[in-house]
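Structure data follow from input-v2.tsv (TSV, C-alpha atoms):
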chain	number	residue	atom	x	y	z
P	5	MET	CA	-40.10	-2.08	-12.65
P	6	ASP	CA	-40.19	1.71	-12.20
P	7	PHE	CA	-39.90	3.64	-15.49
P	8	THR	CA	-37.57	6.23	-13.93
P	9	PHE	CA	-35.17	3.48	-12.88
P	10	ILE	CA	-35.12	2.00	-16.39
P	11	LEU	CA	-34.69	5.45	-17.94
P	12	LEU	CA	-31.70	6.20	-15.72
P	13	ILE	CA	-30.02	2.91	-16.58
P	14	PHE	CA	-30.59	3.55	-20.29
P	15	LEU	CA	-29.31	7.14	-20.19
P	16	SER	CA	-26.26	6.26	-18.11
P	17	TYR	CA	-25.33	3.37	-20.36
P	18	LEU	CA	-25.73	5.54	-23.50
P	19	ILE	CA	-23.50	8.25	-22.02
P	20	GLY	CA	-20.89	5.61	-21.29
P	21	CYS	CA	-21.14	4.29	-24.84
P	22	PHE	CA	-19.68	7.51	-26.22
P	23	SER	CA	-16.11	6.31	-26.78
P	24	SER	CA	-13.87	9.36	-26.50
P	25	ALA	CA	-10.77	7.51	-27.73
P	26	TYR	CA	-12.59	6.14	-30.75
P	27	PHE	CA	-14.20	9.51	-31.58
P	28	ILE	CA	-10.95	11.48	-31.22
P	29	GLY	CA	-9.05	8.88	-33.23
P	30	LYS	CA	-11.54	9.10	-36.08
P	31	VAL	CA	-11.80	12.90	-36.07
P	32	PHE	CA	-8.14	13.85	-35.61
P	33	LYS	CA	-6.22	10.84	-36.93
P	34	LYS	CA	-8.70	9.10	-39.27
P	35	MET	CA	-8.06	5.85	-37.44
P	36	ASP	CA	-9.75	3.28	-35.24
P	37	ILE	CA	-7.62	3.32	-32.08
P	38	ARG	CA	-8.69	-0.23	-31.32
P	39	SER	CA	-6.49	-1.37	-34.23
P	40	TYR	CA	-3.36	0.18	-32.69
P	41	GLY	CA	-1.29	-0.16	-29.54
P	42	SER	CA	-2.99	-2.32	-26.95
P	43	GLY	CA	-6.25	-2.23	-28.92
P	44	ASN	CA	-7.96	-0.59	-25.95
P	45	ALA	CA	-10.28	2.38	-26.48
P	46	GLY	CA	-9.08	4.28	-23.44
P	47	ALA	CA	-6.94	7.20	-22.37
P	48	THR	CA	-3.70	5.28	-21.77
P	49	ASN	CA	-3.70	3.76	-25.24
P	50	ALA	CA	-4.74	7.14	-26.65
P	51	VAL	CA	-1.61	8.72	-25.15
P	52	ARG	CA	0.62	6.00	-26.57
P	53	VAL	CA	-0.96	5.99	-30.03
P	54	MET	CA	-2.08	9.61	-30.57
P	55	GLY	CA	0.20	11.58	-28.26
P	56	LYS	CA	-0.17	13.38	-24.94
P	57	LYS	CA	-2.52	16.18	-26.05
P	58	LEU	CA	-5.13	13.91	-27.57
P	59	GLY	CA	-4.59	11.39	-24.79
P	60	ILE	CA	-5.32	14.03	-22.14
P	61	LEU	CA	-8.37	15.16	-24.11
P	62	THR	CA	-9.56	11.56	-24.15
P	63	PHE	CA	-9.10	11.29	-20.38
P	64	LEU	CA	-10.99	14.53	-19.75
P	65	LEU	CA	-13.92	13.50	-21.94
P	66	ASP	CA	-14.12	10.07	-20.29
P	67	PHE	CA	-13.88	11.71	-16.86
P	68	THR	CA	-16.67	14.11	-17.82
P	69	LYS	CA	-18.93	11.21	-18.83
P	70	GLY	CA	-18.80	9.94	-15.27
P	71	VAL	CA	-19.50	13.38	-13.81
P	72	ILE	CA	-22.47	14.02	-16.12
P	73	ALA	CA	-24.02	10.59	-15.58
P	74	VAL	CA	-23.86	10.83	-11.77
P	75	LEU	CA	-25.25	14.38	-11.78
P	76	ILE	CA	-28.16	13.20	-13.93
P	77	GLY	CA	-28.65	10.29	-11.56
P	78	TYR	CA	-28.80	12.66	-8.60
P	79	ARG	CA	-31.30	14.84	-10.45
P	80	ILE	CA	-33.59	11.95	-11.33
P	81	MET	CA	-33.40	9.69	-8.26
P	82	GLY	CA	-31.23	11.35	-5.63
P	83	VAL	CA	-28.25	9.59	-4.06
P	84	SER	CA	-29.36	6.12	-5.15
P	85	GLY	CA	-29.69	7.49	-8.69
P	86	GLY	CA	-26.12	8.71	-8.58
P	87	LEU	CA	-24.90	5.25	-7.59
P	88	ILE	CA	-26.95	3.53	-10.28
P	89	ALA	CA	-25.72	5.99	-12.92
P	90	ALA	CA	-22.09	5.47	-11.87
P	91	PHE	CA	-22.34	1.73	-12.35
P	92	PHE	CA	-24.02	1.82	-15.75
P	93	VAL	CA	-21.96	4.63	-17.25
P	94	VAL	CA	-18.85	2.53	-16.56
P	95	ILE	CA	-20.56	-0.53	-18.07
P	96	GLY	CA	-21.34	1.55	-21.16
P	97	HIS	CA	-17.74	2.74	-21.43
P	98	ASP	CA	-16.32	-0.76	-21.04
P	99	TRP	CA	-18.84	-2.51	-23.29
P	100	PRO	CA	-20.32	0.04	-25.75
P	101	VAL	CA	-23.05	-1.46	-27.91
P	102	PHE	CA	-22.21	0.81	-30.87
P	103	LEU	CA	-18.62	-0.47	-31.03
P	104	GLY	CA	-19.34	-4.16	-30.78
P	105	PHE	CA	-18.89	-4.06	-26.99
P	106	ARG	CA	-15.17	-3.28	-27.40
P	107	GLY	CA	-14.53	-0.30	-25.16
P	108	GLY	CA	-12.01	0.89	-22.60
P	109	LYS	CA	-11.20	-0.09	-19.03
P	110	GLY	CA	-13.22	2.60	-17.33
P	111	ILE	CA	-10.61	4.25	-15.12
P	112	ALA	CA	-11.17	7.88	-16.15
P	113	THR	CA	-14.95	7.43	-16.10
P	114	THR	CA	-14.79	5.76	-12.69
P	115	ILE	CA	-12.72	8.65	-11.34
P	116	GLY	CA	-15.30	11.09	-12.71
P	117	CYS	CA	-18.07	9.21	-10.92
P	118	TYR	CA	-16.22	9.15	-7.61
P	119	ALA	CA	-15.34	12.84	-7.93
P	120	VAL	CA	-19.05	13.60	-7.65
P	121	LEU	CA	-20.07	10.80	-5.28
P	122	ASN	CA	-17.31	11.46	-2.73
P	123	PHE	CA	-14.58	13.87	-3.76
P	124	PRO	CA	-12.23	13.36	-0.73
P	125	VAL	CA	-12.23	9.58	-1.22
P	126	ALA	CA	-11.66	10.02	-4.95
P	127	LEU	CA	-8.80	12.47	-4.40
P	128	VAL	CA	-6.91	10.33	-1.89
P	129	SER	CA	-7.38	7.16	-3.95
P	130	VAL	CA	-6.26	8.85	-7.18
P	131	ILE	CA	-3.17	10.35	-5.50
P	132	ILE	CA	-2.16	6.92	-4.19
P	133	GLY	CA	-2.82	5.32	-7.58
P	134	ILE	CA	-0.78	7.97	-9.42
P	135	THR	CA	2.05	7.62	-6.90
P	136	VAL	CA	2.17	3.86	-7.44
P	137	GLY	CA	2.01	4.30	-11.22
P	138	LEU	CA	4.81	6.86	-11.34
P	139	THR	CA	7.00	4.95	-8.89
P	140	SER	CA	6.60	1.61	-10.64
P	141	LYS	CA	6.42	3.12	-14.15
P	142	PHE	CA	3.34	0.97	-14.78
P	143	VAL	CA	0.10	2.85	-15.52
P	144	SER	CA	-1.84	-0.40	-15.24
P	145	LEU	CA	-0.53	-1.10	-11.73
P	146	GLY	CA	-1.47	2.39	-10.60
P	147	SER	CA	-4.96	1.89	-12.04
P	148	ILE	CA	-5.38	-1.48	-10.34
P	149	VAL	CA	-4.23	-0.07	-7.02
P	150	PHE	CA	-6.62	2.87	-7.37
P	151	LEU	CA	-9.57	0.56	-8.00
P	152	SER	CA	-8.59	-1.80	-5.19
P	153	ILE	CA	-8.16	0.78	-2.44
P	154	VAL	CA	-11.33	2.83	-2.92
P	155	PRO	CA	-13.47	0.52	-0.74
P	156	GLY	CA	-10.87	0.57	2.06
P	157	ILE	CA	-10.29	4.33	1.80
P	158	SER	CA	-14.06	4.81	1.97
P	159	LEU	CA	-14.29	2.75	5.16
P	160	ILE	CA	-11.47	4.77	6.74
P	161	MET	CA	-12.53	8.26	5.66
P	162	VAL	CA	-16.34	8.21	5.68
P	163	GLU	CA	-18.35	8.15	8.88
P	164	ASN	CA	-21.65	6.29	8.60
P	165	LEU	CA	-20.63	5.02	5.18
P	166	ASP	CA	-23.54	4.29	2.86
P	167	LYS	CA	-23.64	0.53	2.33
P	168	ASP	CA	-24.77	0.98	-1.27
P	169	PHE	CA	-21.79	3.24	-2.00
P	170	LEU	CA	-19.44	0.62	-0.57
P	171	ILE	CA	-21.06	-2.06	-2.73
P	172	LEU	CA	-20.59	0.16	-5.78
P	173	THR	CA	-16.88	0.63	-5.06
P	174	VAL	CA	-16.42	-3.14	-4.77
P	175	LEU	CA	-18.33	-3.80	-8.00
P	176	LEU	CA	-16.38	-1.17	-9.95
P	177	ALA	CA	-13.13	-2.57	-8.55
P	178	ILE	CA	-14.05	-6.08	-9.71
P	179	ILE	CA	-15.05	-4.84	-13.17
P	180	GLY	CA	-11.96	-2.66	-13.56
P	181	ILE	CA	-9.55	-5.35	-12.41
P	182	TYR	CA	-11.22	-7.84	-14.74
P	183	LYS	CA	-10.69	-5.42	-17.64
P	184	HIS	CA	-6.99	-5.32	-16.65
P	185	LYS	CA	-6.58	-9.12	-16.73
P	186	ALA	CA	-4.20	-8.98	-19.71
P	187	ASN	CA	-2.13	-6.30	-17.96
P	188	ILE	CA	-1.99	-8.41	-14.81
P	189	LYS	CA	-0.64	-11.36	-16.80
P	190	ARG	CA	2.03	-9.12	-18.36
P	191	LEU	CA	2.94	-7.68	-14.95
P	192	ILE	CA	3.40	-11.19	-13.60
P	193	ASN	CA	5.44	-12.22	-16.64
P	194	GLY	CA	7.55	-9.04	-16.50
P	195	ASN	CA	6.69	-7.75	-19.96
P	196	GLU	CA	4.14	-5.03	-19.20
P	197	ASN	CA	4.70	-1.71	-20.98
P	198	LYS	CA	6.26	0.96	-18.79
P	199	ILE	CA	5.56	4.69	-18.85
P	200	GLY	CA	7.51	6.27	-21.67
P	201	ARG	CA	8.10	3.02	-23.56

Please go through the file and, once you have read it, give me the structure as structure tokens.
Amino acid sequence: MDFTFILLIFLSYLIGCFSSAYFIGKVFKKMDIRSYGSGNAGATNAVRVMGKKLGILTFLLDFTKGVIAVLIGYRIMGVSGGLIAAFFVVIGHDWPVFLGFRGGKGIATTIGCYAVLNFPVALVSVIIGITVGLTSKFVSLGSIVFLSIVPGISLIMVENLDKDFLILTVLLAIIGIYKHKANIKRLINGNENKIGR
């Protein structure tokens, strides 16, 4: 297997392993965020547990991880490198080796990846996801919708769509929805946390 390919996977995964929510919780609140709220090391739980300012900071750092990883991927292996980096940075965020594989759900990092890979698709998908989240008052539902519609939005908006990009969007949707399985159960049972609760 090509060394460059292995190096890119390793770098992307390591970037993803930097848990912004965990780091911010330890630095600013002297706490492990995974022991509070939903137990998730992500931006939504960071907002609920640590407040809006630190929650937004968490989102921005997680978003930036995706941007940096994809840019490095482009630099090392071109477009295919960007796609590879996007997949493994999200894997690193969701299952960070340094935190016992207990990470976040990857939404902010996924958005960061798509912002570089195809900004128009990312923008439209995020707007729809936010609209659903605000209308329903469920952040999780907005996130699930965002993940689910990216492949379809890509097919509609992009001429001569790269097959590998489409495969990536499907894989990230599957991973992200899987990470939301507990939220989906709560949505079905009618006891999911609403925005502001």

Practice task
Grab the CA of Ile179 (chain P) to CA of Gly55 (chain P) distance for me, in Å with one decimal place.
Solution key: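 If I compute the distance from CA of Ile179 (chain P) to CA of Gly55 (chain P), I get 27.0 Å.
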
Problem - Nearest to Ile72 (chain P) by atom-to-atom distance, counting only C-alpha atoms, from P:Ile178, P:Val120, P:Ile60, P:Ile37 - result: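 Using only C-alpha atoms, Ile72 (chain P) sits closest to P:Val120.
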
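The interatomic distance for the pair CA of Ile148 (chain P) and CA of Ala177 (chain P) works out to 8.0 Å.
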
Exercise for the section: Go through P:Thr139, P:Ser39, P:Asn44, P:Ser23 and flag the residue nearest Leu65 (chain P), using all atoms listed in the file for the distances. Expected result: P:Ser23

Practice task
Could you check which of P:Tyr26, P:Phe9, P:Phe63, P:Tyr182 is closest to Gly86 (chain P), using all atoms listed in the file?
Solution key: P:Phe9

When you look at Phe105 (chain P) with a cut-off of 12 Å (counting all atoms listed in the file), what residues show up, excluding the ones that are within fewer than 2 positions of it in the same chain? I need them as a PDB file with C-alpha atoms, keeping the file's coordinate frame.
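To be explicit, this is the file written out as selection.pdb:
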ATOM      1  CA  TYR P  17     -25.330   3.370 -20.360  1.00  0.00           C
ATOM      2  CA  GLY P  20     -20.890   5.610 -21.290  1.00  0.00           C
ATOM      3  CA  CYS P  21     -21.140   4.290 -24.840  1.00  0.00           C
ATOM      4  CA  PHE P  22     -19.680   7.510 -26.220  1.00  0.00           C
ATOM      5  CA  SER P  23     -16.110   6.310 -26.780  1.00  0.00           C
ATOM      6  CA  ARG P  38      -8.690  -0.230 -31.320  1.00  0.00           C
ATOM      7  CA  ASN P  44      -7.960  -0.590 -25.950  1.00  0.00           C
ATOM      8  CA  ALA P  45     -10.280   2.380 -26.480  1.00  0.00           C
ATOM      9  CA  ILE P  95     -20.560  -0.530 -18.070  1.00  0.00           C
ATOM     10  CA  GLY P  96     -21.340   1.550 -21.160  1.00  0.00           C
ATOM     11  CA  HIS P  97     -17.740   2.740 -21.430  1.00  0.00           C
ATOM     12  CA  ASP P  98     -16.320  -0.760 -21.040  1.00  0.00           C
ATOM     13  CA  TRP P  99     -18.840  -2.510 -23.290  1.00  0.00           C
ATOM     14  CA  PRO P 100     -20.320   0.040 -25.750  1.00  0.00           C
ATOM     15  CA  VAL P 101     -23.050  -1.460 -27.910  1.00  0.00           C
ATOM     16  CA  PHE P 102     -22.210   0.810 -30.870  1.00  0.00           C
ATOM     17  CA  LEU P 103     -18.620  -0.470 -31.030  1.00  0.00           C
ATOM     18  CA  GLY P 107     -14.530  -0.300 -25.160  1.00  0.00           C
ATOM     19  CA  GLY P 108     -12.010   0.890 -22.600  1.00  0.00           C
ATOM     20  CA  LYS P 109     -11.200  -0.090 -19.030  1.00  0.00           C
TER      21      LYS P 109
END

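Of note, CA of Pro124 (chain P) and CA of Met161 (chain P) are spaced 8.2 Å apart.
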
Problem - Pick from P:Ser84, P:Glu163, P:Val71, P:Ile76, whichever lies nearest to Tyr118 (chain P) using all atoms listed in the file - result: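 Between P:Ser84, P:Glu163, P:Val71, P:Ile76, the residue approaching Tyr118 (chain P) most closely is P:Val71.
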
Where atoms are missing, can you supply N, CA and C atoms for region 126-158 of chain P and output the lot as a PDB file, in the frame of the given file?
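Resulting contents of part28.pdb:
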ATOM      1  N   ALA P 126     -12.199  10.063  -3.590  1.00  0.00           N
ATOM      2  CA  ALA P 126     -11.660  10.020  -4.950  1.00  0.00           C
ATOM      3  C   ALA P 126     -10.259  10.623  -4.994  1.00  0.00           C
ATOM      4  N   LEU P 127     -10.079  11.771  -4.357  1.00  0.00           N
ATOM      5  CA  LEU P 127      -8.800  12.470  -4.400  1.00  0.00           C
ATOM      6  C   LEU P 127      -7.683  11.651  -3.773  1.00  0.00           C
ATOM      7  N   VAL P 128      -7.927  11.124  -2.580  1.00  0.00           N
ATOM      8  CA  VAL P 128      -6.910  10.330  -1.890  1.00  0.00           C
ATOM      9  C   VAL P 128      -6.576   9.070  -2.688  1.00  0.00           C
ATOM     10  N   SER P 129      -7.589   8.399  -3.196  1.00  0.00           N
ATOM     11  CA  SER P 129      -7.380   7.160  -3.950  1.00  0.00           C
ATOM     12  C   SER P 129      -6.606   7.421  -5.239  1.00  0.00           C
ATOM     13  N   VAL P 130      -6.947   8.507  -5.927  1.00  0.00           N
ATOM     14  CA  VAL P 130      -6.260   8.850  -7.180  1.00  0.00           C
ATOM     15  C   VAL P 130      -4.796   9.210  -6.902  1.00  0.00           C
ATOM     16  N   ILE P 131      -4.549   9.974  -5.851  1.00  0.00           N
ATOM     17  CA  ILE P 131      -3.170  10.350  -5.500  1.00  0.00           C
ATOM     18  C   ILE P 131      -2.325   9.106  -5.230  1.00  0.00           C
ATOM     19  N   ILE P 132      -2.882   8.159  -4.483  1.00  0.00           N
ATOM     20  CA  ILE P 132      -2.160   6.920  -4.190  1.00  0.00           C
ATOM     21  C   ILE P 132      -1.923   6.133  -5.481  1.00  0.00           C
ATOM     22  N   GLY P 133      -2.948   6.037  -6.320  1.00  0.00           N
ATOM     23  CA  GLY P 133      -2.820   5.320  -7.580  1.00  0.00           C
ATOM     24  C   GLY P 133      -1.775   5.938  -8.492  1.00  0.00           C
ATOM     25  N   ILE P 134      -1.773   7.274  -8.590  1.00  0.00           N
ATOM     26  CA  ILE P 134      -0.780   7.970  -9.420  1.00  0.00           C
ATOM     27  C   ILE P 134       0.617   7.755  -8.864  1.00  0.00           C
ATOM     28  N   THR P 135       0.750   7.826  -7.543  1.00  0.00           N
ATOM     29  CA  THR P 135       2.050   7.620  -6.900  1.00  0.00           C
ATOM     30  C   THR P 135       2.608   6.234  -7.226  1.00  0.00           C
ATOM     31  N   VAL P 136       1.753   5.224  -7.121  1.00  0.00           N
ATOM     32  CA  VAL P 136       2.170   3.860  -7.440  1.00  0.00           C
ATOM     33  C   VAL P 136       2.547   3.749  -8.918  1.00  0.00           C
ATOM     34  N   GLY P 137       1.742   4.362  -9.786  1.00  0.00           N
ATOM     35  CA  GLY P 137       2.010   4.300 -11.220  1.00  0.00           C
ATOM     36  C   GLY P 137       3.324   4.965 -11.591  1.00  0.00           C
ATOM     37  N   LEU P 138       3.577   6.135 -11.022  1.00  0.00           N
ATOM     38  CA  LEU P 138       4.810   6.860 -11.340  1.00  0.00           C
ATOM     39  C   LEU P 138       6.034   6.166 -10.744  1.00  0.00           C
ATOM     40  N   THR P 139       5.872   5.627  -9.543  1.00  0.00           N
ATOM     41  CA  THR P 139       7.000   4.950  -8.890  1.00  0.00           C
ATOM     42  C   THR P 139       7.371   3.656  -9.604  1.00  0.00           C
ATOM     43  N   SER P 140       6.363   2.899  -9.992  1.00  0.00           N
ATOM     44  CA  SER P 140       6.600   1.610 -10.640  1.00  0.00           C
ATOM     45  C   SER P 140       6.819   1.731 -12.142  1.00  0.00           C
ATOM     46  N   LYS P 141       6.387   2.880 -12.701  1.00  0.00           N
ATOM     47  CA  LYS P 141       6.420   3.120 -14.150  1.00  0.00           C
ATOM     48  C   LYS P 141       5.366   2.292 -14.903  1.00  0.00           C
ATOM     49  N   PHE P 142       4.409   1.734 -14.163  1.00  0.00           N
ATOM     50  CA  PHE P 142       3.340   0.970 -14.780  1.00  0.00           C
ATOM     51  C   PHE P 142       1.999   1.669 -14.556  1.00  0.00           C
ATOM     52  N   VAL P 143       1.404   2.207 -15.631  1.00  0.00           N
ATOM     53  CA  VAL P 143       0.100   2.850 -15.520  1.00  0.00           C
ATOM     54  C   VAL P 143      -0.945   1.839 -15.043  1.00  0.00           C
ATOM     55  N   SER P 144      -0.861   0.633 -15.586  1.00  0.00           N
ATOM     56  CA  SER P 144      -1.840  -0.400 -15.240  1.00  0.00           C
ATOM     57  C   SER P 144      -1.822  -0.726 -13.748  1.00  0.00           C
ATOM     58  N   LEU P 145      -0.640  -0.799 -13.159  1.00  0.00           N
ATOM     59  CA  LEU P 145      -0.530  -1.100 -11.730  1.00  0.00           C
ATOM     60  C   LEU P 145      -1.137   0.027 -10.902  1.00  0.00           C
ATOM     61  N   GLY P 146      -0.862   1.257 -11.293  1.00  0.00           N
ATOM     62  CA  GLY P 146      -1.470   2.390 -10.600  1.00  0.00           C
ATOM     63  C   GLY P 146      -2.978   2.351 -10.685  1.00  0.00           C
ATOM     64  N   SER P 147      -3.498   1.978 -11.855  1.00  0.00           N
ATOM     65  CA  SER P 147      -4.960   1.890 -12.040  1.00  0.00           C
ATOM     66  C   SER P 147      -5.557   0.792 -11.178  1.00  0.00           C
ATOM     67  N   ILE P 148      -4.886  -0.348 -11.140  1.00  0.00           N
ATOM     68  CA  ILE P 148      -5.380  -1.480 -10.340  1.00  0.00           C
ATOM     69  C   ILE P 148      -5.367  -1.140  -8.855  1.00  0.00           C
ATOM     70  N   VAL P 149      -4.307  -0.491  -8.418  1.00  0.00           N
ATOM     71  CA  VAL P 149      -4.230  -0.070  -7.020  1.00  0.00           C
ATOM     72  C   VAL P 149      -5.335   0.917  -6.689  1.00  0.00           C
ATOM     73  N   PHE P 150      -5.536   1.893  -7.569  1.00  0.00           N
ATOM     74  CA  PHE P 150      -6.620   2.870  -7.370  1.00  0.00           C
ATOM     75  C   PHE P 150      -7.955   2.171  -7.170  1.00  0.00           C
ATOM     76  N   LEU P 151      -8.293   1.272  -8.085  1.00  0.00           N
ATOM     77  CA  LEU P 151      -9.570   0.560  -8.000  1.00  0.00           C
ATOM     78  C   LEU P 151      -9.682  -0.246  -6.718  1.00  0.00           C
ATOM     79  N   SER P 152      -8.583  -0.884  -6.336  1.00  0.00           N
ATOM     80  CA  SER P 152      -8.590  -1.800  -5.190  1.00  0.00           C
ATOM     81  C   SER P 152      -8.737  -1.104  -3.850  1.00  0.00           C
ATOM     82  N   ILE P 153      -8.187   0.130  -3.749  1.00  0.00           N
ATOM     83  CA  ILE P 153      -8.160   0.780  -2.440  1.00  0.00           C
ATOM     84  C   ILE P 153      -9.373   1.647  -2.146  1.00  0.00           C
ATOM     85  N   VAL P 154     -10.184   1.949  -3.164  1.00  0.00           N
ATOM     86  CA  VAL P 154     -11.330   2.830  -2.920  1.00  0.00           C
ATOM     87  C   VAL P 154     -12.253   2.293  -1.827  1.00  0.00           C
ATOM     88  N   PRO P 155     -12.605   1.002  -1.828  1.00  0.00           N
ATOM     89  CA  PRO P 155     -13.470   0.520  -0.740  1.00  0.00           C
ATOM     90  C   PRO P 155     -12.828   0.725   0.640  1.00  0.00           C
ATOM     91  N   GLY P 156     -11.550   0.399   0.775  1.00  0.00           N
ATOM     92  CA  GLY P 156     -10.870   0.570   2.060  1.00  0.00           C
ATOM     93  C   GLY P 156     -10.740   2.023   2.470  1.00  0.00           C
ATOM     94  N   ILE P 157     -10.390   2.892   1.520  1.00  0.00           N
ATOM     95  CA  ILE P 157     -10.290   4.330   1.800  1.00  0.00           C
ATOM     96  C   ILE P 157     -11.645   4.865   2.241  1.00  0.00           C
ATOM     97  N   SER P 158     -12.703   4.375   1.605  1.00  0.00           N
ATOM     98  CA  SER P 158     -14.060   4.810   1.970  1.00  0.00           C
ATOM     99  C   SER P 158     -14.383   4.434   3.409  1.00  0.00           C
TER     100      SER P 158
END
